[in-house]
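What follows is the content of start.cif (mmCIF, C-alpha atoms).
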data_query
loop_
_atom_site.label_atom_id
_atom_site.label_comp_id
_atom_site.auth_asym_id
_atom_site.auth_seq_id
_atom_site.Cartn_x
_atom_site.Cartn_y
_atom_site.Cartn_z
CA MET A 105 66.90 -27.88 36.25
CA ILE A 106 65.40 -25.60 33.58
CA GLU A 107 61.98 -27.14 34.16
CA LEU A 108 62.35 -26.51 37.89
CA PHE A 109 63.37 -22.92 37.15
CA TYR A 110 60.22 -22.27 35.12
CA LYS A 111 58.05 -23.90 37.79
CA GLY A 112 59.30 -21.30 40.27
CA GLY A 113 57.38 -18.58 38.47
CA PRO A 114 58.36 -15.15 37.13
CA ILE A 115 60.20 -14.17 40.32
CA MET A 116 62.92 -16.67 39.34
CA TRP A 117 64.27 -14.18 36.78
CA PRO A 118 65.30 -11.56 39.38
CA ILE A 119 66.77 -14.37 41.50
CA LEU A 120 68.77 -15.52 38.47
CA CYS A 121 70.00 -11.95 37.86
CA ALA A 122 71.03 -11.67 41.53
CA SER A 123 72.95 -14.94 41.30
CA VAL A 124 74.80 -13.84 38.16
CA VAL A 125 75.76 -10.51 39.79
CA ALA A 126 76.90 -12.30 42.97
CA LEU A 127 78.98 -14.78 41.01
CA THR A 128 80.59 -12.03 38.91
CA VAL A 129 81.47 -9.91 41.95
CA ALA A 130 82.75 -12.90 43.92
CA LEU A 131 85.01 -14.10 41.08
CA GLU A 132 86.39 -10.60 40.43
CA ARG A 133 87.07 -10.03 44.12
CA LEU A 134 88.72 -13.43 44.55
CA ALA A 135 90.94 -12.71 41.54
CA PHE A 136 91.81 -9.37 43.17
CA ALA A 137 92.68 -11.12 46.45
CA VAL A 138 94.97 -13.62 44.70
CA SER A 139 96.62 -10.80 42.77
CA GLU A 140 97.23 -8.73 45.92
CA ALA A 141 98.65 -11.74 47.79
CA ALA A 142 101.07 -12.39 44.91
CA ARG A 143 102.23 -8.75 44.96
CA ARG A 144 103.09 -8.68 48.66
CA ASN A 145 106.81 -7.92 49.07
CA ARG A 146 107.82 -8.47 52.68
CA PRO A 147 111.58 -8.05 52.05
CA GLN A 148 110.89 -4.62 50.54
CA LEU A 149 108.71 -3.73 53.54
CA SER A 150 111.51 -4.79 55.91
CA GLU A 151 113.99 -2.68 53.94
CA VAL A 152 111.73 0.39 54.10
CA LEU A 153 111.28 -0.06 57.86
CA SER A 154 115.04 -0.55 58.31
CA LEU A 155 115.81 2.68 56.42
CA VAL A 156 113.25 4.62 58.47
CA GLY A 157 114.88 3.20 61.62
CA GLN A 158 118.25 4.50 60.41
CA GLY A 159 116.74 7.94 59.86
CA ASP A 160 116.92 7.72 56.06
CA VAL A 161 113.30 8.62 55.23
CA SER A 162 114.12 9.77 51.70
CA GLY A 163 115.93 6.47 51.07
CA ALA A 164 112.90 4.59 52.39
CA ARG A 165 110.65 6.55 49.99
CA LYS A 166 112.96 5.77 47.07
CA THR A 167 113.11 2.07 47.99
CA GLY A 168 109.34 1.79 48.09
CA ALA A 169 108.63 4.14 45.18
CA VAL A 170 107.98 1.28 42.76
CA THR A 171 106.03 -1.45 44.49
CA GLY A 172 102.99 -3.66 44.16
CA ASP A 173 102.73 -4.20 47.91
CA PHE A 174 99.81 -2.19 49.29
CA VAL A 175 101.45 -1.78 52.73
CA VAL A 176 104.67 -0.36 51.25
CA ARG A 177 102.64 1.86 48.92
CA ALA A 178 100.68 3.30 51.87
CA LEU A 179 103.85 3.83 53.94
CA VAL A 180 105.64 5.61 51.11
CA ALA A 181 102.63 7.87 50.50
CA ALA A 182 102.48 8.72 54.22
CA LEU A 183 106.24 9.25 54.54
CA ALA A 184 105.98 11.98 51.91
CA HIS A 185 104.25 13.95 54.71
CA GLU A 186 106.64 13.02 57.50
CA LYS A 187 105.59 15.86 59.83
CA ALA A 188 101.93 14.77 59.70
CA PHE A 189 102.62 11.06 59.37
CA PRO A 190 99.64 9.71 61.40
CA GLU A 191 97.08 11.70 59.39
CA ALA A 192 98.81 10.93 56.09
CA MET A 193 99.00 7.22 56.97
CA LEU A 194 95.31 7.16 57.87
CA HIS A 195 94.47 8.69 54.49
CA ALA A 196 96.76 6.30 52.58
CA ALA A 197 95.43 3.27 54.50
CA ASN A 198 91.84 4.28 53.75
CA GLN A 199 92.70 4.53 50.04
CA GLU A 200 94.14 1.01 50.06
CA LEU A 201 91.30 -0.47 52.14
CA ARG A 202 88.74 1.05 49.77
CA ARG A 203 90.15 -1.26 47.10
CA TYR A 204 89.59 -4.25 49.40
CA SER A 205 85.99 -3.34 50.26
CA ARG A 206 84.89 -2.77 46.66
CA GLY A 207 82.00 -5.08 45.79
CA LEU A 208 81.28 -6.18 49.36
CA ALA A 209 78.18 -3.96 49.55
CA VAL A 210 76.82 -5.64 46.41
CA LEU A 211 77.32 -9.11 47.90
CA ASP A 212 75.76 -7.98 51.18
CA THR A 213 72.71 -6.65 49.32
CA ILE A 214 72.28 -9.89 47.36
CA ILE A 215 72.59 -11.96 50.55
CA THR A 216 69.67 -9.99 51.96
CA LEU A 217 67.68 -9.62 48.74
CA ALA A 218 67.74 -13.19 47.36
CA PRO A 219 65.77 -14.86 50.22
CA LEU A 220 63.26 -11.99 50.15
CA LEU A 221 62.75 -12.48 46.43
CA GLY A 222 62.29 -16.19 47.07
CA LEU A 223 59.74 -15.44 49.75
CA LEU A 224 57.91 -13.10 47.38
CA GLY A 225 57.80 -15.92 44.81
CA THR A 226 56.37 -18.24 47.44
CA VAL A 227 53.70 -15.74 48.47
CA THR A 228 52.61 -15.08 44.89
CA GLY A 229 52.59 -18.84 44.19
CA MET A 230 50.47 -19.47 47.30
CA ILE A 231 48.04 -16.74 46.24
CA ASN A 232 47.67 -18.44 42.85
CA SER A 233 47.23 -21.86 44.48
CA PHE A 234 44.61 -20.68 46.94
CA GLY A 235 42.90 -18.82 44.12
CA MET A 236 42.07 -22.25 42.75
CA LEU A 237 39.99 -22.99 45.86
CA GLY A 238 37.36 -20.51 44.75
CA GLY A 239 37.29 -21.80 41.17
CA ALA A 240 36.20 -24.92 39.43
CA GLU A 241 39.39 -26.77 40.41
CA LEU A 242 38.09 -27.41 43.95
CA GLY A 243 37.87 -31.10 43.24
CA ALA A 244 41.55 -31.27 42.29
CA PRO A 245 43.55 -31.02 45.53
CA ALA A 246 46.65 -32.37 43.76
CA ALA A 247 46.72 -29.25 41.58
CA ILE A 248 46.54 -27.01 44.66
CA THR A 249 49.26 -28.83 46.64
CA GLY A 250 51.39 -29.07 43.50
CA GLY A 251 51.07 -25.32 43.12
CA ILE A 252 52.20 -24.82 46.73
CA ALA A 253 55.20 -27.09 46.18
CA GLU A 254 56.11 -25.15 43.05
CA ALA A 255 55.77 -21.88 44.97
CA LEU A 256 58.41 -23.09 47.44
CA ILE A 257 60.93 -23.53 44.62
CA ALA A 258 61.48 -19.76 44.55
CA THR A 259 62.32 -19.73 48.27
CA ALA A 260 64.73 -22.63 47.84
CA PHE A 261 66.54 -20.88 44.98
CA GLY A 262 66.62 -17.57 46.88
CA LEU A 263 68.17 -19.26 49.91
CA LEU A 264 70.66 -21.11 47.70
CA VAL A 265 71.83 -17.84 46.13
CA ALA A 266 72.15 -16.16 49.56
CA ILE A 267 74.08 -19.07 51.10
CA THR A 268 76.39 -19.28 48.09
CA ALA A 269 77.08 -15.52 48.20
CA LEU A 270 77.63 -15.57 51.97
CA LEU A 271 80.76 -17.73 51.75
CA PRO A 272 82.84 -15.37 49.53
CA PHE A 273 81.41 -12.36 51.40
CA ASN A 274 82.75 -13.62 54.73
CA TYR A 275 86.08 -14.66 53.19
CA LEU A 276 86.54 -11.25 51.53
CA GLY A 277 85.56 -9.49 54.78
CA ALA A 278 88.25 -11.48 56.59
CA LEU A 279 90.80 -10.49 53.93
CA GLU A 280 89.87 -6.83 54.35
CA GLU A 281 90.37 -7.11 58.12
CA LYS A 282 93.74 -8.81 57.57
CA ALA A 283 94.80 -5.96 55.27
CA ARG A 284 93.66 -3.40 57.86
CA LEU A 285 95.75 -5.09 60.57
CA ALA A 286 98.81 -5.24 58.28
CA LEU A 287 98.51 -1.51 57.59
CA GLN A 288 98.02 -0.70 61.29
CA ASP A 289 101.05 -2.79 62.31
CA ALA A 290 103.29 -1.13 59.73
CA ALA A 291 102.03 2.35 60.63
CA SER A 292 102.63 1.77 64.35
CA GLU A 293 106.14 0.50 63.69
CA VAL A 294 107.02 3.52 61.52
CA GLU A 295 105.61 5.94 64.12
CA LEU A 296 107.80 4.36 66.79
CA LEU A 297 110.85 4.52 64.49
CA LEU A 298 110.19 8.18 63.64
CA LYS A 299 109.95 9.09 67.34
CA LYS A 300 113.43 7.67 67.91
#

Rewrite the structure of this file - the entire thing - as structure tokens.
Amino acid sequence: MIELFYKGGPIMWPILCASVVALTVALERLAFAVSEAARRNRPQLSEVLSLVGQGDVSGARKTGAVTGDFVVRALVAALAHEKAFPEAMLHAANQELRRYSRGLAVLDTIITLAPLLGLLGTVTGMINSFGMLGGAELGAPAAITGGIAEALIATAFGLLVAITALLPFNYLGALEEKARLALQDAASEVELLLKK
């Protein structure tokens, strides 16, 4: 594997850096997702909604004051501004969703950048290989085709990094959308309860 890496040329180093960054971000974000799922407290959410339905907004705020559940945390923050609940809820939801989207831009950039780096490695490798055609190595076609094969290694590694980063990127995007829907559902329910 190390020999294959060196055959890919100098462009393999930026591809390696991109893969390390992608792996670090993906692992940190997956740990965050597991942590957030473990902190969800649906009974506490139900209790907060029940108290709001009974008209006890201050009791609902006290019940959800200490929580790890991001939905309850957003509701409690918005209920502190009961008169402007929709605007306050939008602000609180955006704060929570910002935590979910952290790192996704980095993964998205690497998914785009890695194949382009691989392609750049291929182009520079092809230039070197075809440079042999004008030199004394004209009688050695194996050296030229071997150089072309080695140039394609960079593209293969770039694509591998992009494909590997795409899987956690899509999974984390789906988790962010799920969190957005959970916040929207809770906000809609509280708005209906406050109107009663």

Requested in this report: Rank nothing, just name the residue among A:Met116, A:Val138, A:Ala122, A:Ala178 nearest to Val294 (chain A), using all atoms listed in the file.
Outcome: A:Ala178

Requested in this report: Would you kindly translate the PyMOL selection byres ((chain A and resi 208) around 9) into the concrete residues it picks from this file, as a VMD selection string?
Outcome: chain A and resid 129 to 130 133 204 to 207 209 to 213 273 276 to 277

Report task. Could you please determine the separation between CA of Leu263 (chain A) and CA of Asn232 (chain A) in Å, to one decimal place? Result ->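 Computed distance, CA of Leu263 (chain A) to CA of Asn232 (chain A), equals 21.7 Å.
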
Query - Distance criterion (only C-alpha atoms): nearest to Leu264 (chain A) out of A:Ala184, A:Val175, A:Ala218, A:Ala126 - result: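 Closest to Leu264 (chain A) of all the choices is A:Ala218.
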
Report task. Name the closest residue to Ala255 (chain A) among the candidates A:Leu217, A:Leu223, A:Ala278, A:Ala192; distances are taken between atoms, counting all atoms listed in the file. Result ->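 Using all atoms listed in the file, the shortest distance to Ala255 (chain A) belongs to A:Leu223.
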
Requested in this report: Taking the point (67.2, -10.6, 41.6) as given in the file, collect each protein or nucleic acid residue that comes within 10 Å of it, counting only C-alpha atoms, and present the set as a VMD selection string.
Outcome: chain A and resid 115 to 126 214 217 to 222 262 265

Kindly export the residues of the current selection with C-alpha atoms, as a short mmCIF file (atom, residue, chain, number, x, y, z; two decimals), in the frame of the given file.
data_model
loop_
_atom_site.label_atom_id
_atom_site.label_comp_id
_atom_site.auth_asym_id
_atom_site.auth_seq_id
_atom_site.Cartn_x
_atom_site.Cartn_y
_atom_site.Cartn_z
CA ILE A 115 60.20 -14.17 40.32
CA MET A 116 62.92 -16.67 39.34
CA TRP A 117 64.27 -14.18 36.78
CA PRO A 118 65.30 -11.56 39.38
CA ILE A 119 66.77 -14.37 41.50
CA LEU A 120 68.77 -15.52 38.47
CA CYS A 121 70.00 -11.95 37.86
CA ALA A 122 71.03 -11.67 41.53
CA SER A 123 72.95 -14.94 41.30
CA VAL A 124 74.80 -13.84 38.16
CA VAL A 125 75.76 -10.51 39.79
CA ALA A 126 76.90 -12.30 42.97
CA ILE A 214 72.28 -9.89 47.36
CA LEU A 217 67.68 -9.62 48.74
CA ALA A 218 67.74 -13.19 47.36
CA PRO A 219 65.77 -14.86 50.22
CA LEU A 220 63.26 -11.99 50.15
CA LEU A 221 62.75 -12.48 46.43
CA GLY A 222 62.29 -16.19 47.07
CA GLY A 262 66.62 -17.57 46.88
CA VAL A 265 71.83 -17.84 46.13
#

Report task. Give as a list in words every residue, naming chains and numbers as the document does, that has an atom within 6 Å of (61.1, -19.7, 48.7), counting only C-alpha atoms. Result -> Gly222, Leu223, Thr226, Leu256, Ile257, Ala258, Thr259 and Ala260 of chain A

Query raised in the report: Looking at A:Leu179, A:Gly113, A:Phe136, A:Arg202, which one is nearest to Ser292 (chain A), with distances taken over all atoms listed in the file?
Result: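 Checking each candidate against Ser292 (chain A), we get A:Leu179 as the closest.
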
Query raised in the report: Looking at all atoms listed in the file, which of A:Val161, A:Met230, A:Ile106, A:Ala283 is the one that sits closest to Arg144 (chain A)?
Result: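 Of the candidates, the smallest distance to Arg144 (chain A) is held by A:Ala283.
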
Which residues fall under the PyMOL selection byres ((chain A and resi 171) around 10) in this file, as a PDB file with C-alpha atoms, in the frame of the given file?
ATOM      1  CA  ARG A 143     102.230  -8.750  44.960  1.00  0.00           C
ATOM      2  CA  ARG A 144     103.090  -8.680  48.660  1.00  0.00           C
ATOM      3  CA  ASN A 145     106.810  -7.920  49.070  1.00  0.00           C
ATOM      4  CA  GLN A 148     110.890  -4.620  50.540  1.00  0.00           C
ATOM      5  CA  LEU A 149     108.710  -3.730  53.540  1.00  0.00           C
ATOM      6  CA  THR A 167     113.110   2.070  47.990  1.00  0.00           C
ATOM      7  CA  GLY A 168     109.340   1.790  48.090  1.00  0.00           C
ATOM      8  CA  ALA A 169     108.630   4.140  45.180  1.00  0.00           C
ATOM      9  CA  VAL A 170     107.980   1.280  42.760  1.00  0.00           C
ATOM     10  CA  GLY A 172     102.990  -3.660  44.160  1.00  0.00           C
ATOM     11  CA  ASP A 173     102.730  -4.200  47.910  1.00  0.00           C
ATOM     12  CA  PHE A 174      99.810  -2.190  49.290  1.00  0.00           C
ATOM     13  CA  VAL A 175     101.450  -1.780  52.730  1.00  0.00           C
ATOM     14  CA  VAL A 176     104.670  -0.360  51.250  1.00  0.00           C
ATOM     15  CA  ARG A 177     102.640   1.860  48.920  1.00  0.00           C
ATOM     16  CA  VAL A 180     105.640   5.610  51.110  1.00  0.00           C
TER      17      VAL A 180
END

Query raised in the report: Which of these, A:Val152, A:Lys166, A:Leu201, A:Leu134, has the shortest distance to Glu281 (chain A) once you count all atoms listed in the file?
Result: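 Among the listed residues, A:Leu201 lies closest to Glu281 (chain A).
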
Requested in this report: Report the distance between CA of Leu153 (chain A) and CA of Leu287 (chain A) in Å, rounded to one decimal place.
Outcome: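 Going from CA of Leu153 (chain A) over to CA of Leu287 (chain A) covers 12.9 Å.
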
Would you fill out region 126-145 of chain A with N, CA and C atoms and return it as an mmCIF file, keeping the file's coordinate frame?
data_model
loop_
_atom_site.group_PDB
_atom_site.id
_atom_site.type_symbol
_atom_site.label_atom_id
_atom_site.label_comp_id
_atom_site.auth_asym_id
_atom_site.auth_seq_id
_atom_site.Cartn_x
_atom_site.Cartn_y
_atom_site.Cartn_z
ATOM 1 N N ALA A 126 76.112 -11.801 41.828
ATOM 2 C CA ALA A 126 76.900 -12.300 42.970
ATOM 3 C C ALA A 126 78.096 -13.105 42.499
ATOM 4 N N LEU A 127 77.883 -13.964 41.527
ATOM 5 C CA LEU A 127 78.980 -14.780 41.010
ATOM 6 C C LEU A 127 80.050 -13.913 40.360
ATOM 7 N N THR A 128 79.636 -12.921 39.576
ATOM 8 C CA THR A 128 80.590 -12.030 38.910
ATOM 9 C C THR A 128 81.429 -11.258 39.922
ATOM 10 N N VAL A 129 80.759 -10.681 40.923
ATOM 11 C CA VAL A 129 81.470 -9.910 41.950
ATOM 12 C C VAL A 129 82.410 -10.813 42.737
ATOM 13 N N ALA A 130 81.924 -11.989 43.125
ATOM 14 C CA ALA A 130 82.750 -12.900 43.920
ATOM 15 C C ALA A 130 83.999 -13.327 43.149
ATOM 16 N N LEU A 131 83.846 -13.679 41.878
ATOM 17 C CA LEU A 131 85.010 -14.100 41.080
ATOM 18 C C LEU A 131 86.005 -12.960 40.889
ATOM 19 N N GLU A 132 85.489 -11.751 40.612
ATOM 20 C CA GLU A 132 86.390 -10.600 40.430
ATOM 21 C C GLU A 132 87.138 -10.289 41.712
ATOM 22 N N ARG A 133 86.444 -10.331 42.833
ATOM 23 C CA ARG A 133 87.070 -10.030 44.120
ATOM 24 C C ARG A 133 88.077 -11.102 44.533
ATOM 25 N N LEU A 134 87.775 -12.364 44.237
ATOM 26 C CA LEU A 134 88.720 -13.430 44.550
ATOM 27 C C LEU A 134 89.965 -13.324 43.677
ATOM 28 N N ALA A 135 89.786 -12.940 42.417
ATOM 29 C CA ALA A 135 90.940 -12.710 41.540
ATOM 30 C C ALA A 135 91.782 -11.549 42.074
ATOM 31 N N PHE A 136 91.114 -10.498 42.568
ATOM 32 C CA PHE A 136 91.810 -9.370 43.170
ATOM 33 C C PHE A 136 92.617 -9.822 44.384
ATOM 34 N N ALA A 137 92.007 -10.656 45.243
ATOM 35 C CA ALA A 137 92.680 -11.120 46.450
ATOM 36 C C ALA A 137 93.924 -11.948 46.116
ATOM 37 N N VAL A 138 93.810 -12.811 45.115
ATOM 38 C CA VAL A 138 94.970 -13.620 44.700
ATOM 39 C C VAL A 138 96.060 -12.713 44.146
ATOM 40 N N SER A 139 95.665 -11.734 43.361
ATOM 41 C CA SER A 139 96.620 -10.800 42.770
ATOM 42 C C SER A 139 97.355 -10.001 43.856
ATOM 43 N N GLU A 140 96.612 -9.510 44.838
ATOM 44 C CA GLU A 140 97.230 -8.730 45.920
ATOM 45 C C GLU A 140 98.173 -9.592 46.760
ATOM 46 N N ALA A 141 97.786 -10.843 47.011
ATOM 47 C CA ALA A 141 98.650 -11.740 47.790
ATOM 48 C C ALA A 141 99.952 -12.016 47.036
ATOM 49 N N ALA A 142 99.867 -12.129 45.714
ATOM 50 C CA ALA A 142 101.070 -12.390 44.910
ATOM 51 C C ALA A 142 101.993 -11.171 44.878
ATOM 52 N N ARG A 143 101.424 -9.973 45.030
ATOM 53 C CA ARG A 143 102.230 -8.750 44.960
ATOM 54 C C ARG A 143 102.845 -8.338 46.292
ATOM 55 N N ARG A 144 102.493 -9.034 47.369
ATOM 56 C CA ARG A 144 103.090 -8.680 48.660
ATOM 57 C C ARG A 144 104.604 -8.862 48.580
ATOM 58 N N ASN A 145 105.348 -7.906 49.133
ATOM 59 C CA ASN A 145 106.810 -7.920 49.070
ATOM 60 C C ASN A 145 107.349 -7.630 50.463
#
